file coords-v5.txt (compact mmCIF, C-alpha atoms)
# COMPACT_ATOMS: atom_id res chain seq x y z
CA MET N 26 58.58 155.08 -116.95
CA SER N 27 55.64 154.56 -119.22
CA ALA N 28 54.30 151.22 -120.26
CA GLY N 29 54.54 150.36 -123.89
CA ASP N 30 55.59 147.69 -126.25
CA ASP N 31 58.29 149.72 -127.96
CA HIS N 32 61.51 147.94 -127.19
CA GLY N 33 63.92 150.12 -129.10
CA TYR N 34 66.91 151.34 -127.14
CA SER N 35 68.99 154.33 -128.07
CA ASP N 36 72.60 153.85 -129.15
CA SER N 37 73.88 156.33 -126.62
CA GLY N 38 76.65 154.20 -125.19
CA THR N 39 78.98 151.36 -125.81
CA GLY N 40 77.17 148.04 -126.26
CA ARG N 41 77.64 145.55 -123.48
CA THR N 42 78.56 141.94 -124.10
CA ASP N 43 76.82 139.14 -122.34
CA ASP N 44 73.91 138.08 -124.41
CA GLY N 45 75.28 137.65 -127.85
CA TYR N 46 73.95 140.28 -130.16
CA SER N 47 76.06 141.86 -132.84
CA THR N 48 74.88 145.46 -132.45
CA LEU N 49 73.78 146.44 -128.96
CA GLY N 50 73.56 150.02 -127.89
CA GLY N 51 72.55 151.85 -124.77
CA THR N 52 74.08 152.46 -121.41
CA ARG N 53 74.29 149.80 -118.74
CA GLN N 54 71.60 151.04 -116.46
CA THR N 55 68.86 149.60 -114.32
CA ARG N 56 65.39 150.94 -113.67
CA THR N 57 62.07 149.70 -112.45
CA ARG N 58 58.55 150.46 -113.51
CA PHE N 59 55.52 150.95 -111.32
CA PRO N 60 54.65 148.35 -108.66
CA ASP N 61 52.36 145.53 -109.60
CA GLY N 62 50.59 145.75 -106.25
CA ASP N 63 49.16 148.66 -104.28
CA GLY N 64 51.35 150.22 -101.65
CA GLY N 65 50.21 150.32 -98.07
CA ASP N 66 51.20 151.91 -94.84
CA GLY N 67 54.88 151.63 -93.96
CA TYR N 68 55.88 149.61 -90.98
CA GLY N 69 57.18 151.69 -88.15
CA GLY N 70 60.06 149.62 -86.81
CA SER N 71 63.42 149.24 -88.41
CA ARG N 72 64.83 146.14 -89.99
CA ARG N 73 66.38 143.07 -88.53
CA PRO N 74 70.17 143.16 -88.61
CA ALA N 75 71.52 140.90 -91.34
CA ARG N 76 74.33 138.43 -90.86
CA SER N 77 74.96 139.31 -87.24
CA SER N 78 76.04 135.68 -86.85
CA ARG N 79 75.96 132.42 -88.72
CA SER N 80 72.86 131.33 -86.88
CA LEU N 81 70.82 128.29 -87.79
CA VAL N 82 68.02 130.51 -89.03
CA MET N 83 70.36 132.31 -91.41
CA VAL N 84 71.77 129.07 -92.71
CA VAL N 85 68.25 127.78 -93.35
CA GLY N 86 67.43 130.96 -95.26
CA VAL N 87 70.44 130.54 -97.51
CA VAL N 88 69.77 126.83 -98.01
CA VAL N 89 66.21 127.49 -99.15
CA LEU N 90 67.36 129.72 -101.97
CA LEU N 91 70.32 127.56 -102.87
CA ILE N 92 68.30 124.33 -103.02
CA ALA N 93 65.88 125.94 -105.44
CA ALA N 94 68.76 127.28 -107.51
CA ILE N 95 70.58 123.95 -107.56
CA ALA N 96 67.44 122.24 -108.83
CA PHE N 97 67.26 124.36 -111.97
CA ALA N 98 71.01 124.83 -112.46
CA ASN N 99 72.71 123.07 -115.35
CA MET N 100 69.39 122.12 -116.88
CA GLY N 101 69.82 123.14 -120.51
CA GLY N 102 72.51 120.73 -121.54
CA GLY N 103 75.20 122.50 -119.59
CA GLY N 104 77.19 125.55 -120.40
CA ASN N 105 79.39 127.42 -117.98
CA ASP N 106 77.20 129.63 -115.85
CA GLY N 107 79.70 131.77 -114.04
CA ALA N 108 81.00 135.21 -115.03
CA SER N 109 84.36 133.64 -115.79
CA SER N 110 82.81 131.96 -118.83
CA GLY N 111 82.34 135.31 -120.54
CA GLY N 112 85.20 134.71 -122.94
CA ASN N 113 83.83 131.45 -124.33
CA GLY N 114 82.26 131.14 -127.75
CA GLY N 115 83.84 134.29 -129.10
CA GLY N 116 81.88 136.55 -126.76
CA ASN N 117 83.21 139.84 -125.49
CA LYS N 118 83.68 140.76 -121.86
CA ALA N 119 81.74 143.68 -120.40
CA GLY N 120 82.91 146.12 -117.79
CA ALA N 121 81.16 147.87 -114.97
CA ALA N 122 78.37 150.25 -115.88
CA PRO N 123 76.20 152.91 -114.21
CA THR N 124 72.75 152.02 -112.93
CA ALA N 125 70.70 155.12 -113.78
CA ALA N 126 67.53 154.67 -115.84
CA THR N 127 67.91 154.47 -119.62
CA GLY N 128 64.67 156.31 -120.32
CA THR N 129 63.43 153.58 -122.66
CA LYS N 130 60.04 151.99 -122.28
CA PRO N 131 59.72 148.81 -120.19
CA VAL N 132 58.17 145.60 -121.42
CA THR N 133 54.37 145.55 -121.19
CA GLY N 134 53.51 141.95 -122.08
CA LYS N 135 52.86 139.28 -119.47
CA ASN N 136 52.88 135.51 -119.41
CA GLY N 137 50.57 134.95 -116.47
CA THR N 138 52.01 137.20 -113.77
CA ILE N 139 55.51 137.28 -115.28
CA ALA N 140 56.66 139.95 -117.73
CA SER N 141 57.23 138.75 -121.30
CA GLY N 142 57.90 140.08 -124.78
CA PHE N 143 61.40 141.34 -124.06
CA ALA N 144 63.45 143.09 -126.72
CA HIS N 145 65.83 140.98 -128.78
CA ASP N 146 68.89 142.87 -127.61
CA GLU N 147 71.19 143.19 -124.62
CA GLN N 148 68.88 145.36 -122.55
CA GLY N 149 65.97 143.02 -123.22
CA ALA N 150 68.06 140.08 -122.00
CA GLN N 151 68.90 141.91 -118.79
CA SER N 152 65.24 142.79 -118.22
CA ALA N 153 64.22 139.17 -118.80
CA ALA N 154 66.88 137.78 -116.46
CA THR N 155 65.87 140.21 -113.73
CA ASN N 156 62.16 139.46 -113.88
CA TYR N 157 62.82 135.73 -114.05
CA ALA N 158 65.02 135.93 -110.93
CA VAL N 159 62.13 137.56 -109.06
CA ALA N 160 59.67 134.87 -110.12
CA LEU N 161 62.01 131.98 -109.31
CA GLY N 162 62.65 133.39 -105.83
CA SER N 163 59.01 133.97 -104.96
CA ALA N 164 56.82 132.19 -102.43
CA ASP N 165 54.81 130.77 -105.35
CA MET N 166 57.67 128.38 -106.00
CA PHE N 167 56.61 126.47 -102.88
CA ASN N 168 53.26 125.65 -104.49
CA ALA N 169 53.44 122.81 -107.03
CA ALA N 170 50.94 124.19 -109.56
CA ALA N 171 52.28 127.74 -109.38
CA ARG N 172 55.86 126.49 -109.60
CA ARG N 173 55.19 124.60 -112.80
CA GLY N 174 53.59 127.68 -114.33
CA ILE N 175 56.64 129.77 -113.43
CA LEU N 176 59.04 127.24 -114.93
CA GLN N 177 57.04 127.11 -118.16
CA ALA N 178 56.99 130.92 -118.40
CA THR N 179 60.69 131.42 -117.74
CA HIS N 180 62.50 128.43 -119.29
CA ASP N 181 63.26 127.03 -122.72
CA PRO N 182 60.52 124.45 -123.47
CA ALA N 183 63.26 121.94 -124.26
CA VAL N 184 64.32 121.78 -120.60
CA VAL N 185 61.00 122.32 -118.81
CA ASP N 186 59.86 118.70 -118.37
CA ARG N 187 63.12 117.53 -116.83
CA LEU N 188 63.36 120.69 -114.77
CA GLN N 189 59.88 120.28 -113.34
CA ALA N 190 60.67 116.73 -112.24
CA ASP N 191 63.85 117.86 -110.50
CA MET N 192 62.15 120.81 -108.85
CA ASP N 193 59.29 118.66 -107.57
CA LYS N 194 61.90 116.52 -105.84
CA ALA N 195 63.76 119.53 -104.45
CA TYR N 196 60.62 121.07 -102.97
CA SER N 197 60.06 118.18 -100.60
CA ALA N 198 58.29 117.78 -97.26
CA SER N 199 61.63 118.09 -95.48
CA LEU N 200 62.38 121.39 -97.20
CA PHE N 201 58.94 122.71 -96.30
CA THR N 202 59.37 121.87 -92.63
CA ASN N 203 62.87 123.37 -92.60
CA VAL N 204 61.44 126.77 -93.55
CA GLY N 205 58.50 126.51 -91.17
CA LEU N 206 55.79 125.34 -93.58
CA ASN N 207 53.59 122.31 -93.08
CA GLU N 208 54.72 119.10 -94.78
CA ASP N 209 52.29 119.69 -97.65
CA GLY N 210 53.72 123.17 -98.26
CA SER N 211 50.85 125.06 -96.69
CA THR N 212 51.46 127.88 -94.20
CA PRO N 213 50.65 127.29 -90.53
CA SER N 214 47.60 129.16 -89.26
CA GLY N 215 48.31 132.69 -88.06
CA LEU N 216 51.66 132.99 -89.87
CA THR N 217 52.78 134.49 -93.19
CA PHE N 218 55.40 132.75 -95.29
CA ILE N 219 57.77 135.16 -97.04
CA SER N 220 60.11 134.44 -99.92
CA ARG N 221 61.07 137.43 -102.06
CA THR N 222 63.94 138.18 -104.39
CA VAL N 223 64.82 141.84 -104.95
CA PRO N 224 67.31 142.53 -107.77
CA VAL N 225 69.98 145.15 -107.09
CA GLY N 226 71.66 145.21 -110.50
CA THR N 227 72.51 143.22 -113.63
CA LYS N 228 75.61 142.53 -115.69
CA VAL N 229 75.95 140.89 -119.09
CA THR N 230 79.03 138.70 -119.30
CA LYS N 231 78.69 136.98 -122.67
CA GLN N 232 76.98 137.47 -126.05
CA THR N 233 76.95 134.98 -128.88
CA GLY N 234 74.18 135.47 -131.43
CA ASP N 235 70.83 134.45 -129.93
CA THR N 236 72.27 133.54 -126.54
CA ALA N 237 73.26 135.62 -123.54
CA THR N 238 74.67 135.18 -120.06
CA VAL N 239 73.35 137.64 -117.49
CA GLU N 240 74.26 137.95 -113.82
CA VAL N 241 71.62 139.36 -111.47
CA TRP N 242 72.83 140.56 -108.07
CA CYS N 243 70.01 140.18 -105.56
CA THR N 244 68.99 140.48 -101.97
CA GLY N 245 66.28 138.20 -100.67
CA LEU N 246 63.85 137.81 -97.79
CA VAL N 247 62.91 134.38 -96.51
CA GLY N 248 61.20 133.14 -93.37
CA MET N 249 57.95 133.03 -91.46
CA ALA N 250 56.36 136.21 -90.10
CA GLY N 251 53.79 136.34 -87.32
CA GLN N 252 53.47 135.80 -83.61
CA GLY N 253 55.12 132.61 -82.44
CA SER N 254 57.26 132.12 -85.56
CA THR N 255 60.38 130.02 -84.97
CA LYS N 256 61.74 130.88 -88.44
CA PRO N 257 61.96 134.69 -88.44
CA VAL N 258 62.38 136.52 -91.74
CA THR N 259 66.06 137.06 -92.60
CA GLU N 260 67.80 138.66 -95.54
CA THR N 261 70.29 136.99 -97.87
CA TRP N 262 72.56 138.24 -100.66
CA PHE N 263 73.33 136.23 -103.76
CA THR N 264 74.01 136.40 -107.50
CA ILE N 265 72.03 134.40 -110.04
CA THR N 266 73.70 133.67 -113.37
CA GLU N 267 71.23 132.89 -116.15
CA ASN N 268 72.13 131.45 -119.56
CA LEU N 269 69.42 132.77 -121.87
CA LYS N 270 68.35 131.72 -125.35
CA TRP N 271 66.09 133.49 -127.83
CA VAL N 272 63.16 131.06 -128.17
CA GLY N 273 59.70 131.77 -129.57
CA ASN N 274 60.35 135.51 -129.90
CA ASP N 275 61.39 135.92 -126.29
CA TRP N 276 64.28 135.25 -123.92
CA LYS N 277 64.13 131.99 -122.00
CA ILE N 278 66.46 130.35 -119.47
CA GLU N 279 68.46 127.35 -120.66
CA SER N 280 70.39 126.91 -117.41
CA SER N 281 71.34 128.90 -114.34
CA ASN N 282 73.26 128.80 -111.12
CA GLN N 283 73.48 130.79 -107.91
CA THR N 284 76.36 131.91 -105.71
CA GLU N 285 76.42 133.70 -102.39
CA GLY N 286 77.10 137.46 -102.24
CA PRO N 287 78.39 140.08 -102.77
CA THR N 288 77.19 140.85 -99.25
CA PRO N 289 77.39 144.35 -97.71
CA VAL N 290 78.04 145.08 -94.06
CA SER N 291 74.81 145.22 -92.07
CA GLY N 292 73.61 148.66 -91.07
CA GLY N 293 72.71 147.31 -87.65
CA ASN N 294 69.09 148.46 -87.79
CA ARG N 295 66.82 147.22 -85.04
CA ALA N 296 64.55 144.39 -86.16
CA SER N 297 60.86 145.12 -86.69
CA THR N 298 58.20 143.06 -85.01
CA ALA N 299 56.85 139.92 -86.65
CA ASP N 300 53.49 141.62 -87.24
CA ASP N 301 55.18 144.62 -88.88
CA ILE N 302 57.05 142.37 -91.28
CA ALA N 303 53.94 140.33 -92.13
CA GLY N 304 51.95 143.51 -92.72
CA ALA N 305 54.63 145.02 -94.93
CA VAL N 306 54.79 141.97 -97.18
CA GLU N 307 51.02 141.95 -97.58
CA GLN N 308 50.80 145.71 -98.25
CA TYR N 309 53.79 146.32 -100.52
CA GLY N 310 53.61 144.89 -104.02
CA GLY N 311 56.53 143.85 -106.19
CA PHE N 312 57.87 145.41 -109.39
CA THR N 313 58.30 144.66 -113.04
CA TYR N 314 61.94 145.42 -113.88
CA ALA N 315 63.31 146.92 -117.08
CA ARG N 316 66.83 147.85 -118.12
call {"tool": "encode", "arguments": {"input": "coords-v5.txt", "output": "structure tokens"}}
result
Amino acid sequence: MSAGDDHGYSDSGTGRTDDGYSTLGGTRQTRTRFPDGDGGDGYGGSRRPARSSRSLVMVVGVVVLLIAAIAFANMGGGGNDGASSGGNGGGNKAGAAPTAATGTKPVTGKNGTIASGFAHDEQGAQSAATNYAVALGSADMFNAAARRGILQATHDPAVVDRLQADMDKAYSASLFTNVGLNEDGSTPSGLTFISRTVPVGTKVTKQTGDTATVEVWCTGLVGMAGQGSTKPVTETWFTITENLKWVGNDWKIESSNQTEGPTPVSGGNRASTADDIAGAVEQYGGFTYAR
């Protein structure tokens, strides 16, 4: 996957529907480009079993992601965010699609640390939605200045001011303490706060001109790693639905919502130590995603 700013996609398949473009070609496939950070040594232990019970820790992990999602949901003047809205506005419904790489070049532009300059087509909308999901689920969202930068980079300018105000209220001292942070949002000494969203796949559900609705199925990590942590890192599964609009020569979020699942059965792997998890997060960088 080479970096480049060529966003053309081959017409080798039936166009999908979800982001409103009249002629959209290419197969429904997902790929990633090279990591943004350097890889490090793998951690030797295996992973913590997910969803072994509805423990308080698990509930807190889900609540963290849902509170953030609720804060920026329904922010662009409404619109139905779920997949069931795919038939509205004359859009067409899309079916399931394979997830192999398309072979087209990924986006190379960046707005700060977030990819930008997505193609004005269905695949570009899916790439935008995926990268925005990663940014909105990152640990940077727990820092006020970084959070405002992320919102400006990912959302329609028309909704940013109101969204920032709502998000500042959502990321409160009580939320910080619930996830193990200090009341000011800082991380306790000796611990590593982890909040990562990892997309598994995308699906376009609606296309109407310069708008698109894209669902991003994700798994996430949230919690505090390190010796003495009372909020161990757990995994969650959720789907983010983003209503996108073509604004300023790029895709931007008008509104979004989040639902739980689909959630697979846990493999029952043994949990790694807190130090292993903290080391892995520091050593393994994230990705820029492209359809």
call {"tool": "atom_distance", "arguments": {"input": "coords-v5.txt", "atom1": "CA of Asn168 in chain N", "atom2": "CA of Arg187 in chain N"}}
result
17.8 Å
call {"tool": "atom_distance", "arguments": {"input": "coords-v5.txt", "atom1": "CA of His180 in chain N", "atom2": "CA of Glu279 in chain N"}}
result
6.2 Å
call {"tool": "atom_distance", "arguments": {"input": "coords-v5.txt", "atom1": "CA of Glu285 in chain N", "atom2": "CA of Asp209 in chain N"}}
result
28.3 Å
call {"tool": "closest_atom_pairs", "arguments": {"input": "coords-v5.txt", "of": "range 200-293 of chain N", "to": "range 158-162 of chain N", "cutoff": "10 Å", "atoms": "only C-alpha atoms", "output": "Markdown table"}}
result
| residue | atom | partner | partner_atom | distance |
| --- | --- | --- | --- | --- |
| N:Ser220 | CA | N:Gly162 | CA | 6.5 |
| N:Arg221 | CA | N:Gly162 | CA | 5.7 |
| N:Thr222 | CA | N:Val159 | CA | 5.0 |
| N:Val223 | CA | N:Val159 | CA | 6.5 |
| N:Pro224 | CA | N:Val159 | CA | 7.3 |
| N:Glu240 | CA | N:Ala158 | CA | 9.9 |
| N:Val241 | CA | N:Ala158 | CA | 7.5 |
| N:Trp242 | CA | N:Ala158 | CA | 9.5 |
| N:Cys243 | CA | N:Ala158 | CA | 8.5 |
| N:Gly245 | CA | N:Gly162 | CA | 7.9 |
| N:Leu246 | CA | N:Gly162 | CA | 9.3 |
| N:Val247 | CA | N:Gly162 | CA | 9.4 |
| N:Thr264 | CA | N:Ala158 | CA | 9.6 |
| N:Ile265 | CA | N:Ala158 | CA | 7.2 |
| N:Thr266 | CA | N:Ala158 | CA | 9.3 |
| N:Glu267 | CA | N:Ala158 | CA | 8.7 |
call {"tool": "residues_around", "arguments": {"input": "coords-v5.txt", "residues": "Thr217 in chain N", "least_positions_apart": "2", "cutoff": "8 Å", "atoms": "only C-alpha atoms", "output": "list in words"}}
result
Thr212, Pro213, Gly215, Ile219, Met249, Ala250, Gly251 and Ala303 of chain N
call {"tool": "closest_residue", "arguments": {"input": "coords-v5.txt", "among": "N:Ser214, N:Ala171, N:Thr298, N:Met166", "to": "Ser197 in chain N", "atoms": "all atoms listed in the file"}}
result
N:Met166
call {"tool": "residues_around", "arguments": {"input": "coords-v5.txt", "residues": "Ala198 in chain N", "least_positions_apart": "4", "cutoff": "10 Å", "atoms": "all atoms listed in the file", "output": "PyMOL selection string"}}
result
chain N and resi 194+202-203+206-210
call {"tool": "closest_residue", "arguments": {"input": "coords-v5.txt", "among": "N:Gly226, N:Tyr157, N:Ser211, N:Gln308", "to": "Gln177 in chain N", "atoms": "only C-alpha atoms"}}
result
N:Tyr157
call {"tool": "closest_residue", "arguments": {"input": "coords-v5.txt", "among": "N:Phe218, N:Phe167, N:Trp262, N:Trp271", "to": "Gly142 in chain N", "atoms": "only C-alpha atoms"}}
result
N:Trp271
call {"tool": "closest_atom_pairs", "arguments": {"input": "coords-v5.txt", "of": "range 198-303 of chain N", "to": "range 181-185 of chain N", "cutoff": "10 Å", "atoms": "all atoms listed in the file", "output": "JSON lines"}}
result
{"residue": "N:Leu269", "atom": "CA", "partner": "N:Asp181", "partner_atom": "CA", "distance": 8.5}
{"residue": "N:Lys270", "atom": "CA", "partner": "N:Asp181", "partner_atom": "CA", "distance": 7.4}
{"residue": "N:Trp271", "atom": "CA", "partner": "N:Asp181", "partner_atom": "CA", "distance": 8.7}
{"residue": "N:Val272", "atom": "CA", "partner": "N:Asp181", "partner_atom": "CA", "distance": 6.8}
{"residue": "N:Gly273", "atom": "CA", "partner": "N:Asp181", "partner_atom": "CA", "distance": 9.1}
{"residue": "N:Asp275", "atom": "CA", "partner": "N:Asp181", "partner_atom": "CA", "distance": 9.8}
{"residue": "N:Trp276", "atom": "CA", "partner": "N:Asp181", "partner_atom": "CA", "distance": 8.4}
{"residue": "N:Lys277", "atom": "CA", "partner": "N:Asp181", "partner_atom": "CA", "distance": 5.1}
{"residue": "N:Ile278", "atom": "CA", "partner": "N:Asp181", "partner_atom": "CA", "distance": 5.6}
{"residue": "N:Glu279", "atom": "CA", "partner": "N:Asp181", "partner_atom": "CA", "distance": 5.6}
{"residue": "N:Ser280", "atom": "CA", "partner": "N:Val184", "partner_atom": "CA", "distance": 8.6}
call {"tool": "closest_residue", "arguments": {"input": "coords-v5.txt", "among": "N:Asn268, N:Ser199, N:Thr227, N:Thr259", "to": "Ile302 in chain N", "atoms": "all atoms listed in the file"}}
result
N:Thr259
call {"tool": "closest_residue", "arguments": {"input": "coords-v5.txt", "among": "N:Thr233, N:Ser297, N:Thr255, N:Ser163", "to": "Gly311 in chain N", "atoms": "all atoms listed in the file"}}
result
N:Ser163
call {"tool": "closest_residue", "arguments": {"input": "coords-v5.txt", "among": "N:Thr155, N:Val225, N:Glu307, N:Ile139", "to": "Thr288 in chain N", "atoms": "all atoms listed in the file"}}
result
N:Val225
